[in-house]
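K.L.:
Let me give you the structure first, and then I'll get to my questions.
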Amino acid sequence: MDSFLIQGGTPLRGEVTISGSKNAALPLMAAALLTADTCTLRRVPDLSDTRFMLRILESLGAETRFDQGTVTIRAASIRGFGDYELIRKMRGSICILGPMLTRLKEASVSLPGGCVIGTRPIDLHLKGLAALGARIEIDGGYVKTSARKLVGTNIFLGGRAGPTVLGTVNILMAACLAEGVTVIESAACEPEVVDVARFLVSMGAKIHGIGSPTLTVTGVSEMHGADHEVIPDRIEACTFLCAAAATKGEVVVHGSRPDHFAAVIDKLQEAGVRMKQKSGTLLVSRPGRLRATDLTTLPYAGFPTDVQAQFIALMCLAQGTSVITERIFESRFMHVAELMRMGADIAIEGPSAIVKGGRRLSGAPVMASDLRASAALVIAGLAAEGETMVNRIYHLDRGYERMEAKLQALGARIQRVEGE
Ligand code: EPZ
């Protein structure tokens, strides 16, 4: 297992270009199952998760190619039964269920496991598919679904933590080929959901209300191939903003969509980070001291849960006490214990982390536990005094394309240490 060896204390300076969004690319690939035609996706990030999704699609019988960021998928003849081991390993694969069911009228996938950030239930996905007329059976670790036909209806998809991103995408895709009109209430409005909806429309789907909490889908008899560029990864962009601020650097971020992360820009400005937008680029710097800042993670357009860990790492360096409350997932503070090994002073009180900032962090060997926690540990290592070894960096490789290369280009002293 590889690790990152980081010598902290160097301000990040220079330019970075943001890759395509992992959380858009995964459902976009699943959407290609809705047609026998070839679909082309551009600006797909080369990650272990995107490569994994392609393997899953191939296990269903699709032909795929991935070359220089462009993915082509031809799901001419597919079966409704995916490789248990493959699907079990990546939660994002649950979004193949809707397209498979609506195209083949039967689909089975392994129940996606939970992960360190929460139990990750799929009750809302199944509620939506059942509402469209699917018969659902949980058997032997599989979700088995079948339907003589899917018929449009009104579905409320809100859960205990608000909308569901992949649940919205799953039901949206199933509704595209269902008979009649489906109205999805409390739909997720994340930019990734908007990107998938736009791709579906380019494939011939009829969808109204894109970007709003109410999506109206009029089923069509078939869909065709399309060519689509994936939106930039807003979480990667925010990760680099936090890294630049943590190291008192000055970074030009190319290729992002600042309108996709206004809540993060707002909170970073409140914390004393300076950002300037100039024709598609975002200049970030932190001339003075960081100020303690409270935040609560919320569904879009609120502060995204996927930037919570990175922001906590930053608040460890701020003057004062910050209260960071996680409202989306039930246990997304795995990074806190590791940050405390670097000298951070953080207490967990229910859904909140109380961060007493202002102390210098000192480098230490730390363990990555999940994708965004790994990013938080890298940020802390870049800002800390001395050497940090972030172990199990495979978590980070799931969602960040060539992170060490991008950081090295910004002057960071970071290198990958090959593990056994
Ligand atoms: C997507 O996960 C993202 N993953 C996550 O990013 C992101 O954190 C999450 O949305 C929230 O924005 C991908 O897009 C691949 P949810 P998803 O369904 O769709 C509860 C990352 O770091 N819920 O929106 O699986 C759930 O437990 C990853 O890139 C139900 O109760 O998340 C959670 O509390 C991590 N029942 C809340 O809803 C359901 O059927 C939001 O989950 C589904 C979800």
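A note on labels: chains of the structure tokens are A, B, ... as shown, every chain counts residues from 1, and ligands are counted from 1 in their shown order.
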As a list in words, please: the residues near His224 of chain A (cut-off 8 Å, only C-alpha atoms, same-chain neighbours under 6 positions excluded).

P.N.:
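Returned residues: Thr35, Ala36, Asp37, Met203 and Gly204 of chain A.
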
K.L.:
Counting only C-alpha atoms and all ligand atoms, what are the residues, protein, DNA or RNA alike, that approach ligand 1 to within 6 Å? I want them as a PDB file with all heavy atoms, in the first residue's frame.

P.N.:
```pdb
ATOM      1  N   ASN A  23     -17.607  12.503  -9.151  1.00  0.00           N
ATOM      2  CA  ASN A  23     -18.995  12.241  -8.764  1.00  0.00           C
ATOM      3  C   ASN A  23     -20.007  12.563  -9.852  1.00  0.00           C
ATOM      4  O   ASN A  23     -21.179  12.214  -9.709  1.00  0.00           O
ATOM      5  CB  ASN A  23     -19.326  12.965  -7.455  1.00  0.00           C
ATOM      6  CG  ASN A  23     -18.606  12.326  -6.280  1.00  0.00           C
ATOM      7  OD1 ASN A  23     -18.017  11.245  -6.423  1.00  0.00           O
ATOM      8  ND2 ASN A  23     -18.623  12.979  -5.140  1.00  0.00           N
ATOM      9  N   GLY A  92     -20.463   3.710  -5.330  1.00  0.00           N
ATOM     10  CA  GLY A  92     -21.012   4.519  -6.420  1.00  0.00           C
ATOM     11  C   GLY A  92     -21.641   3.671  -7.518  1.00  0.00           C
ATOM     12  O   GLY A  92     -22.402   4.157  -8.343  1.00  0.00           O
ATOM     13  N   ARG A 120     -24.617   4.131   4.882  1.00  0.00           N
ATOM     14  CA  ARG A 120     -24.898   4.296   3.442  1.00  0.00           C
ATOM     15  C   ARG A 120     -26.101   3.446   2.985  1.00  0.00           C
ATOM     16  O   ARG A 120     -25.972   2.554   2.144  1.00  0.00           O
ATOM     17  CB  ARG A 120     -23.665   3.981   2.606  1.00  0.00           C
ATOM     18  CG  ARG A 120     -22.369   4.617   3.072  1.00  0.00           C
ATOM     19  CD  ARG A 120     -22.384   6.131   3.050  1.00  0.00           C
ATOM     20  NE  ARG A 120     -22.463   6.731   1.750  1.00  0.00           N
ATOM     21  CZ  ARG A 120     -21.419   6.971   0.954  1.00  0.00           C
ATOM     22  NH1 ARG A 120     -20.227   6.609   1.346  1.00  0.00           N
ATOM     23  NH2 ARG A 120     -21.582   7.528  -0.226  1.00  0.00           N
ATOM     24  N   PRO A 121     -27.261   3.622   3.569  1.00  0.00           N
ATOM     25  CA  PRO A 121     -28.427   2.834   3.169  1.00  0.00           C
ATOM     26  C   PRO A 121     -28.859   3.152   1.731  1.00  0.00           C
ATOM     27  O   PRO A 121     -28.447   4.169   1.177  1.00  0.00           O
ATOM     28  CB  PRO A 121     -29.505   3.276   4.159  1.00  0.00           C
ATOM     29  CG  PRO A 121     -29.096   4.633   4.577  1.00  0.00           C
ATOM     30  CD  PRO A 121     -27.602   4.637   4.578  1.00  0.00           C
ATOM     31  N   ILE A 122     -29.686   2.293   1.150  1.00  0.00           N
ATOM     32  CA  ILE A 122     -30.225   2.573  -0.200  1.00  0.00           C
ATOM     33  C   ILE A 122     -31.753   2.500  -0.189  1.00  0.00           C
ATOM     34  O   ILE A 122     -32.382   2.274  -1.228  1.00  0.00           O
ATOM     35  CB  ILE A 122     -29.638   1.603  -1.257  1.00  0.00           C
ATOM     36  CG1 ILE A 122     -29.951   0.145  -0.903  1.00  0.00           C
ATOM     37  CG2 ILE A 122     -28.149   1.815  -1.448  1.00  0.00           C
ATOM     38  CD1 ILE A 122     -29.701  -0.812  -2.072  1.00  0.00           C
ATOM     39  N   ASP A 123     -32.346   2.691   0.983  1.00  0.00           N
ATOM     40  CA  ASP A 123     -33.816   2.596   1.089  1.00  0.00           C
ATOM     41  C   ASP A 123     -34.535   3.557   0.154  1.00  0.00           C
ATOM     42  O   ASP A 123     -35.587   3.235  -0.418  1.00  0.00           O
ATOM     43  CB  ASP A 123     -34.260   2.825   2.536  1.00  0.00           C
ATOM     44  CG  ASP A 123     -33.777   4.169   3.072  1.00  0.00           C
ATOM     45  OD1 ASP A 123     -32.562   4.436   2.978  1.00  0.00           O
ATOM     46  OD2 ASP A 123     -34.609   4.960   3.546  1.00  0.00           O
ATOM     47  N   LEU A 124     -33.968   4.748  -0.063  1.00  0.00           N
ATOM     48  CA  LEU A 124     -34.645   5.726  -0.927  1.00  0.00           C
ATOM     49  C   LEU A 124     -34.556   5.307  -2.400  1.00  0.00           C
ATOM     50  O   LEU A 124     -35.511   5.470  -3.166  1.00  0.00           O
ATOM     51  CB  LEU A 124     -34.055   7.122  -0.719  1.00  0.00           C
ATOM     52  CG  LEU A 124     -34.218   7.682   0.703  1.00  0.00           C
ATOM     53  CD1 LEU A 124     -33.426   8.970   0.870  1.00  0.00           C
ATOM     54  CD2 LEU A 124     -35.693   7.910   1.027  1.00  0.00           C
ATOM     55  N   HIS A 125     -33.411   4.715  -2.775  1.00  0.00           N
ATOM     56  CA  HIS A 125     -33.297   4.176  -4.138  1.00  0.00           C
ATOM     57  C   HIS A 125     -34.404   3.141  -4.357  1.00  0.00           C
ATOM     58  O   HIS A 125     -35.099   3.156  -5.374  1.00  0.00           O
ATOM     59  CB  HIS A 125     -31.947   3.459  -4.322  1.00  0.00           C
ATOM     60  CG  HIS A 125     -30.729   4.303  -4.183  1.00  0.00           C
ATOM     61  ND1 HIS A 125     -29.843   4.534  -5.198  1.00  0.00           N
ATOM     62  CD2 HIS A 125     -30.217   4.955  -3.093  1.00  0.00           C
ATOM     63  CE1 HIS A 125     -28.844   5.298  -4.766  1.00  0.00           C
ATOM     64  NE2 HIS A 125     -29.053   5.563  -3.495  1.00  0.00           N
ATOM     65  N   GLY A 159     -34.912  12.075   2.424  1.00  0.00           N
ATOM     66  CA  GLY A 159     -34.629  11.146   3.526  1.00  0.00           C
ATOM     67  C   GLY A 159     -34.320  11.905   4.804  1.00  0.00           C
ATOM     68  O   GLY A 159     -34.485  13.132   4.858  1.00  0.00           O
ATOM     69  N   ARG A 160     -33.802  11.157   5.806  1.00  0.00           N
ATOM     70  CA  ARG A 160     -33.587  11.796   7.101  1.00  0.00           C
ATOM     71  C   ARG A 160     -32.527  12.898   7.011  1.00  0.00           C
ATOM     72  O   ARG A 160     -32.456  13.810   7.820  1.00  0.00           O
ATOM     73  CB  ARG A 160     -33.163  10.757   8.126  1.00  0.00           C
ATOM     74  CG  ARG A 160     -31.936   9.990   7.671  1.00  0.00           C
ATOM     75  CD  ARG A 160     -31.384   9.033   8.699  1.00  0.00           C
ATOM     76  NE  ARG A 160     -30.155   8.498   8.172  1.00  0.00           N
ATOM     77  CZ  ARG A 160     -29.014   9.211   8.088  1.00  0.00           C
ATOM     78  NH1 ARG A 160     -28.994  10.443   8.528  1.00  0.00           N
ATOM     79  NH2 ARG A 160     -27.941   8.688   7.573  1.00  0.00           N
ATOM     80  N   ALA A 161     -31.663  12.814   6.007  1.00  0.00           N
ATOM     81  CA  ALA A 161     -30.611  13.841   5.888  1.00  0.00           C
ATOM     82  C   ALA A 161     -30.857  14.722   4.663  1.00  0.00           C
ATOM     83  O   ALA A 161     -29.945  15.364   4.151  1.00  0.00           O
ATOM     84  CB  ALA A 161     -29.248  13.154   5.786  1.00  0.00           C
ATOM     85  N   THR A 164     -31.079  12.628  -1.703  1.00  0.00           N
ATOM     86  CA  THR A 164     -30.018  11.660  -1.960  1.00  0.00           C
ATOM     87  C   THR A 164     -29.491  11.897  -3.378  1.00  0.00           C
ATOM     88  O   THR A 164     -30.265  11.889  -4.342  1.00  0.00           O
ATOM     89  CB  THR A 164     -30.517  10.204  -1.828  1.00  0.00           C
ATOM     90  OG1 THR A 164     -29.607   9.326  -2.505  1.00  0.00           O
ATOM     91  CG2 THR A 164     -31.914  10.004  -2.407  1.00  0.00           C
ATOM     92  N   VAL A 165     -28.178  12.064  -3.492  1.00  0.00           N
ATOM     93  CA  VAL A 165     -27.568  12.376  -4.801  1.00  0.00           C
ATOM     94  C   VAL A 165     -27.702  11.182  -5.747  1.00  0.00           C
ATOM     95  O   VAL A 165     -28.364  11.262  -6.786  1.00  0.00           O
ATOM     96  CB  VAL A 165     -26.089  12.777  -4.624  1.00  0.00           C
ATOM     97  CG1 VAL A 165     -25.372  12.856  -5.966  1.00  0.00           C
ATOM     98  CG2 VAL A 165     -25.992  14.119  -3.896  1.00  0.00           C
ATOM     99  N   LEU A 166     -27.135  10.046  -5.360  1.00  0.00           N
ATOM    100  CA  LEU A 166     -27.195   8.894  -6.277  1.00  0.00           C
ATOM    101  C   LEU A 166     -28.599   8.296  -6.334  1.00  0.00           C
ATOM    102  O   LEU A 166     -28.984   7.689  -7.328  1.00  0.00           O
ATOM    103  CB  LEU A 166     -26.158   7.839  -5.870  1.00  0.00           C
ATOM    104  CG  LEU A 166     -24.708   8.233  -6.159  1.00  0.00           C
ATOM    105  CD1 LEU A 166     -23.771   7.094  -5.758  1.00  0.00           C
ATOM    106  CD2 LEU A 166     -24.480   8.634  -7.607  1.00  0.00           C
ATOM    107  N   GLY A 167     -29.371   8.492  -5.272  1.00  0.00           N
ATOM    108  CA  GLY A 167     -30.768   8.028  -5.323  1.00  0.00           C
ATOM    109  C   GLY A 167     -31.536   8.814  -6.369  1.00  0.00           C
ATOM    110  O   GLY A 167     -32.291   8.234  -7.175  1.00  0.00           O
ATOM    111  N   THR A 305     -20.568  18.318   2.307  1.00  0.00           N
ATOM    112  CA  THR A 305     -19.949  17.402   3.273  1.00  0.00           C
ATOM    113  C   THR A 305     -18.578  16.924   2.793  1.00  0.00           C
ATOM    114  O   THR A 305     -17.694  16.653   3.598  1.00  0.00           O
ATOM    115  CB  THR A 305     -20.874  16.191   3.527  1.00  0.00           C
ATOM    116  OG1 THR A 305     -20.200  15.251   4.363  1.00  0.00           O
ATOM    117  CG2 THR A 305     -21.272  15.490   2.243  1.00  0.00           C
ATOM    118  N   ASP A 306     -18.372  16.880   1.462  1.00  0.00           N
ATOM    119  CA  ASP A 306     -17.104  16.360   0.926  1.00  0.00           C
ATOM    120  C   ASP A 306     -15.938  17.322   1.106  1.00  0.00           C
ATOM    121  O   ASP A 306     -14.808  16.974   0.768  1.00  0.00           O
ATOM    122  CB  ASP A 306     -17.250  16.021  -0.562  1.00  0.00           C
ATOM    123  CG  ASP A 306     -18.194  14.854  -0.771  1.00  0.00           C
ATOM    124  OD1 ASP A 306     -18.528  14.186   0.230  1.00  0.00           O
ATOM    125  OD2 ASP A 306     -18.625  14.643  -1.910  1.00  0.00           O
ATOM    126  N   ILE A 328     -24.816  15.539   7.138  1.00  0.00           N
ATOM    127  CA  ILE A 328     -25.160  14.622   6.047  1.00  0.00           C
ATOM    128  C   ILE A 328     -24.860  13.169   6.418  1.00  0.00           C
ATOM    129  O   ILE A 328     -25.699  12.292   6.217  1.00  0.00           O
ATOM    130  CB  ILE A 328     -24.419  15.013   4.748  1.00  0.00           C
ATOM    131  CG1 ILE A 328     -24.706  16.472   4.386  1.00  0.00           C
ATOM    132  CG2 ILE A 328     -24.798  14.067   3.612  1.00  0.00           C
ATOM    133  CD1 ILE A 328     -26.161  16.799   4.108  1.00  0.00           C
ATOM    134  N   PHE A 329     -23.680  12.917   6.967  1.00  0.00           N
ATOM    135  CA  PHE A 329     -23.310  11.545   7.327  1.00  0.00           C
ATOM    136  C   PHE A 329     -23.143  11.403   8.827  1.00  0.00           C
ATOM    137  O   PHE A 329     -22.764  12.354   9.517  1.00  0.00           O
ATOM    138  CB  PHE A 329     -22.010  11.131   6.615  1.00  0.00           C
ATOM    139  CG  PHE A 329     -22.196  10.913   5.142  1.00  0.00           C
ATOM    140  CD1 PHE A 329     -21.719  11.831   4.230  1.00  0.00           C
ATOM    141  CD2 PHE A 329     -22.905   9.808   4.670  1.00  0.00           C
ATOM    142  CE1 PHE A 329     -21.915  11.659   2.879  1.00  0.00           C
ATOM    143  CE2 PHE A 329     -23.103   9.629   3.308  1.00  0.00           C
ATOM    144  CZ  PHE A 329     -22.611  10.550   2.416  1.00  0.00           C
ATOM    145  N   LEU A 371     -11.664   8.731   1.487  1.00  0.00           N
ATOM    146  CA  LEU A 371     -11.185   9.634   0.441  1.00  0.00           C
ATOM    147  C   LEU A 371     -10.930  11.055   0.929  1.00  0.00           C
ATOM    148  O   LEU A 371      -9.823  11.590   0.802  1.00  0.00           O
ATOM    149  CB  LEU A 371     -12.217   9.634  -0.698  1.00  0.00           C
ATOM    150  CG  LEU A 371     -12.061  10.653  -1.810  1.00  0.00           C
ATOM    151  CD1 LEU A 371     -10.690  10.584  -2.439  1.00  0.00           C
ATOM    152  CD2 LEU A 371     -13.147  10.439  -2.853  1.00  0.00           C
ATOM    153  N   ARG A 372     -11.885  11.665   1.549  1.00  0.00           N
ATOM    154  CA  ARG A 372     -11.723  13.086   1.883  1.00  0.00           C
ATOM    155  C   ARG A 372     -10.908  13.253   3.174  1.00  0.00           C
ATOM    156  O   ARG A 372     -10.223  14.254   3.339  1.00  0.00           O
ATOM    157  CB  ARG A 372     -13.082  13.776   2.004  1.00  0.00           C
ATOM    158  CG  ARG A 372     -13.956  13.595   0.794  1.00  0.00           C
ATOM    159  CD  ARG A 372     -13.314  14.066  -0.513  1.00  0.00           C
ATOM    160  NE  ARG A 372     -14.170  13.727  -1.656  1.00  0.00           N
ATOM    161  CZ  ARG A 372     -13.868  13.911  -2.918  1.00  0.00           C
ATOM    162  NH1 ARG A 372     -12.696  14.414  -3.210  1.00  0.00           N
ATOM    163  NH2 ARG A 372     -14.679  13.574  -3.897  1.00  0.00           N
TER     164      ARG A 372
END
```

K.L.:
Write out as a VMD selection string which residues come within 10 Å of Met29 of chain A when counting only C-alpha atoms, dropping same-chain ones fewer than 2 positions away.

P.N.:
chain A and resid 24 to 27 31 to 33 39 to 41 44 50 53 to 54 57 64 71 to 73 93 95 to 96 196

K.L.:
Determine, counting only C-alpha atoms, which protein, DNA and RNA residues have an atom within 9 Å of an atom of segment 242-247 of chain A; residues of the same chain fewer than 3 positions away are not included. Present the result as a count of residues only.

P.N.:
33

K.L.:
One decimal, in Å: what's the spacing between atom CA of Ser108 of chain A and atom CA of Glu63 of chain A?

P.N.:
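Taking atom CA of Ser108 of chain A and atom CA of Glu63 of chain A, their separation equals 19.7 Å.
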
K.L.:
Might you pull out every residue within 10 Å of His335 of chain A, with only C-alpha atoms counted and same-chain residues fewer than 2 positions away left off, and present them as a ChimeraX atom specification?

P.N.:
/A:309-310,312-313,332-333,337-340,366-370,372-377

K.L.:
Return as a VMD selection string the full set of residues in segment 171-349 of chain A whose backbone-based DSSP assignment is alpha helix (DSSP H).

P.N.:
chain A and resid 171 to 176 191 to 202 234 to 246 262 to 270 308 to 315 334 to 340

K.L.:
Set the distance at 9 Å and use only C-alpha atoms: which residues neighbour Lys356 of chain A once local chain neighbours fewer than 4 positions away are removed? I'd like the list as a PDB file with all heavy atoms, in the first residue's frame.

P.N.:
```
ATOM      1  N   ALA A 292     -11.008  31.730  13.031  1.00  0.00           N
ATOM      2  CA  ALA A 292     -11.888  30.584  13.332  1.00  0.00           C
ATOM      3  C   ALA A 292     -13.250  30.829  12.696  1.00  0.00           C
ATOM      4  O   ALA A 292     -13.745  31.963  12.664  1.00  0.00           O
ATOM      5  CB  ALA A 292     -12.032  30.436  14.841  1.00  0.00           C
ATOM      6  N   MET A 315      -8.930  24.747   9.758  1.00  0.00           N
ATOM      7  CA  MET A 315      -9.318  25.456  10.993  1.00  0.00           C
ATOM      8  C   MET A 315      -8.377  25.120  12.152  1.00  0.00           C
ATOM      9  O   MET A 315      -8.317  25.857  13.138  1.00  0.00           O
ATOM     10  CB  MET A 315     -10.762  25.141  11.354  1.00  0.00           C
ATOM     11  CG  MET A 315     -11.767  25.829  10.438  1.00  0.00           C
ATOM     12  SD  MET A 315     -11.650  27.646  10.464  1.00  0.00           S
ATOM     13  CE  MET A 315     -10.702  27.957   8.985  1.00  0.00           C
ATOM     14  N   CYS A 316      -7.632  24.024  12.010  1.00  0.00           N
ATOM     15  CA  CYS A 316      -6.616  23.712  13.044  1.00  0.00           C
ATOM     16  C   CYS A 316      -5.576  24.825  13.101  1.00  0.00           C
ATOM     17  O   CYS A 316      -4.906  25.012  14.120  1.00  0.00           O
ATOM     18  CB  CYS A 316      -5.919  22.391  12.728  1.00  0.00           C
ATOM     19  SG  CYS A 316      -6.972  20.956  12.862  1.00  0.00           S
ATOM     20  N   LEU A 317      -5.447  25.573  12.007  1.00  0.00           N
ATOM     21  CA  LEU A 317      -4.409  26.604  11.915  1.00  0.00           C
ATOM     22  C   LEU A 317      -4.965  27.993  12.229  1.00  0.00           C
ATOM     23  O   LEU A 317      -4.226  28.964  12.276  1.00  0.00           O
ATOM     24  CB  LEU A 317      -3.821  26.615  10.497  1.00  0.00           C
ATOM     25  CG  LEU A 317      -3.363  25.260   9.948  1.00  0.00           C
ATOM     26  CD1 LEU A 317      -3.077  25.350   8.453  1.00  0.00           C
ATOM     27  CD2 LEU A 317      -2.140  24.771  10.708  1.00  0.00           C
ATOM     28  N   ALA A 318      -6.297  28.066  12.446  1.00  0.00           N
ATOM     29  CA  ALA A 318      -6.916  29.397  12.609  1.00  0.00           C
ATOM     30  C   ALA A 318      -6.857  29.845  14.063  1.00  0.00           C
ATOM     31  O   ALA A 318      -6.804  29.018  14.967  1.00  0.00           O
ATOM     32  CB  ALA A 318      -8.374  29.327  12.142  1.00  0.00           C
ATOM     33  N   GLN A 319      -6.890  31.143  14.265  1.00  0.00           N
ATOM     34  CA  GLN A 319      -6.926  31.696  15.629  1.00  0.00           C
ATOM     35  C   GLN A 319      -8.335  31.535  16.191  1.00  0.00           C
ATOM     36  O   GLN A 319      -9.294  32.002  15.574  1.00  0.00           O
ATOM     37  CB  GLN A 319      -6.602  33.199  15.585  1.00  0.00           C
ATOM     38  CG  GLN A 319      -5.180  33.497  15.164  1.00  0.00           C
ATOM     39  CD  GLN A 319      -4.171  32.839  16.080  1.00  0.00           C
ATOM     40  OE1 GLN A 319      -4.332  32.850  17.295  1.00  0.00           O
ATOM     41  NE2 GLN A 319      -3.163  32.222  15.487  1.00  0.00           N
ATOM     42  N   GLY A 320      -8.467  30.801  17.324  1.00  0.00           N
ATOM     43  CA  GLY A 320      -9.796  30.704  17.930  1.00  0.00           C
ATOM     44  C   GLY A 320     -10.411  29.321  17.762  1.00  0.00           C
ATOM     45  O   GLY A 320      -9.778  28.401  17.245  1.00  0.00           O
ATOM     46  N   THR A 321     -11.662  29.246  18.174  1.00  0.00           N
ATOM     47  CA  THR A 321     -12.352  27.953  18.178  1.00  0.00           C
ATOM     48  C   THR A 321     -13.427  27.925  17.095  1.00  0.00           C
ATOM     49  O   THR A 321     -14.247  28.837  17.008  1.00  0.00           O
ATOM     50  CB  THR A 321     -13.008  27.724  19.572  1.00  0.00           C
ATOM     51  OG1 THR A 321     -11.963  27.694  20.551  1.00  0.00           O
ATOM     52  CG2 THR A 321     -13.765  26.404  19.605  1.00  0.00           C
ATOM     53  N   SER A 322     -13.414  26.848  16.273  1.00  0.00           N
ATOM     54  CA  SER A 322     -14.402  26.678  15.197  1.00  0.00           C
ATOM     55  C   SER A 322     -15.298  25.501  15.538  1.00  0.00           C
ATOM     56  O   SER A 322     -14.824  24.478  16.035  1.00  0.00           O
ATOM     57  CB  SER A 322     -13.695  26.397  13.861  1.00  0.00           C
ATOM     58  OG  SER A 322     -12.744  27.402  13.590  1.00  0.00           O
ATOM     59  N   VAL A 323     -16.585  25.642  15.253  1.00  0.00           N
ATOM     60  CA  VAL A 323     -17.532  24.523  15.441  1.00  0.00           C
ATOM     61  C   VAL A 323     -17.987  24.055  14.059  1.00  0.00           C
ATOM     62  O   VAL A 323     -18.618  24.800  13.309  1.00  0.00           O
ATOM     63  CB  VAL A 323     -18.751  24.961  16.277  1.00  0.00           C
ATOM     64  CG1 VAL A 323     -19.723  23.779  16.446  1.00  0.00           C
ATOM     65  CG2 VAL A 323     -18.310  25.485  17.634  1.00  0.00           C
ATOM     66  N   ALA A 344      -3.240  18.619  16.676  1.00  0.00           N
ATOM     67  CA  ALA A 344      -4.492  19.405  16.628  1.00  0.00           C
ATOM     68  C   ALA A 344      -5.261  19.201  17.927  1.00  0.00           C
ATOM     69  O   ALA A 344      -5.142  18.151  18.578  1.00  0.00           O
ATOM     70  CB  ALA A 344      -5.350  18.958  15.447  1.00  0.00           C
ATOM     71  N   ASP A 345      -6.051  20.207  18.286  1.00  0.00           N
ATOM     72  CA  ASP A 345      -6.852  20.141  19.523  1.00  0.00           C
ATOM     73  C   ASP A 345      -8.318  20.170  19.110  1.00  0.00           C
ATOM     74  O   ASP A 345      -8.873  21.231  18.788  1.00  0.00           O
ATOM     75  CB  ASP A 345      -6.516  21.349  20.405  1.00  0.00           C
ATOM     76  CG  ASP A 345      -7.347  21.348  21.700  1.00  0.00           C
ATOM     77  OD1 ASP A 345      -8.259  20.478  21.810  1.00  0.00           O
ATOM     78  OD2 ASP A 345      -7.111  22.209  22.562  1.00  0.00           O
ATOM     79  N   ILE A 346      -8.922  18.960  18.999  1.00  0.00           N
ATOM     80  CA  ILE A 346     -10.296  18.845  18.476  1.00  0.00           C
ATOM     81  C   ILE A 346     -11.087  17.945  19.420  1.00  0.00           C
ATOM     82  O   ILE A 346     -10.613  16.889  19.814  1.00  0.00           O
ATOM     83  CB  ILE A 346     -10.296  18.221  17.058  1.00  0.00           C
ATOM     84  CG1 ILE A 346      -9.342  18.970  16.119  1.00  0.00           C
ATOM     85  CG2 ILE A 346     -11.713  18.207  16.477  1.00  0.00           C
ATOM     86  CD1 ILE A 346      -9.160  18.305  14.751  1.00  0.00           C
ATOM     87  N   ALA A 347     -12.316  18.372  19.735  1.00  0.00           N
ATOM     88  CA  ALA A 347     -13.200  17.517  20.536  1.00  0.00           C
ATOM     89  C   ALA A 347     -14.468  17.265  19.722  1.00  0.00           C
ATOM     90  O   ALA A 347     -14.967  18.169  19.039  1.00  0.00           O
ATOM     91  CB  ALA A 347     -13.555  18.222  21.839  1.00  0.00           C
TER      92      ALA A 347
END
```

K.L.:
Just the residues within 10 Å of Ala134 of chain A, please, counting only C-alpha atoms, with nothing from its chain fewer than 4 positions along; format it as a ChimeraX atom specification.

P.N.:
/A:101-102,105-106,126-130,144-151

K.L.:
Step one, run DSSP on the backbone; step two, keep only residues of segment 213-386 of chain A assigned to strand (DSSP E or B); then write them as a PyMOL selection string.

P.N.:
chain A and resi 214-218+227-229+232+250-254+274-278+281-285+291+295-297+303+319+321-325+345-349+352-356+362+365-367+385

K.L.:
Which one is closest to Leu410 of chain A: A:Tyr394, A:Phe156, A:Phe199, A:Phe240? Count only C-alpha atoms.

P.N.:
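Residue with the minimum atom-to-atom distance to Leu410 of chain A: A:Phe240.
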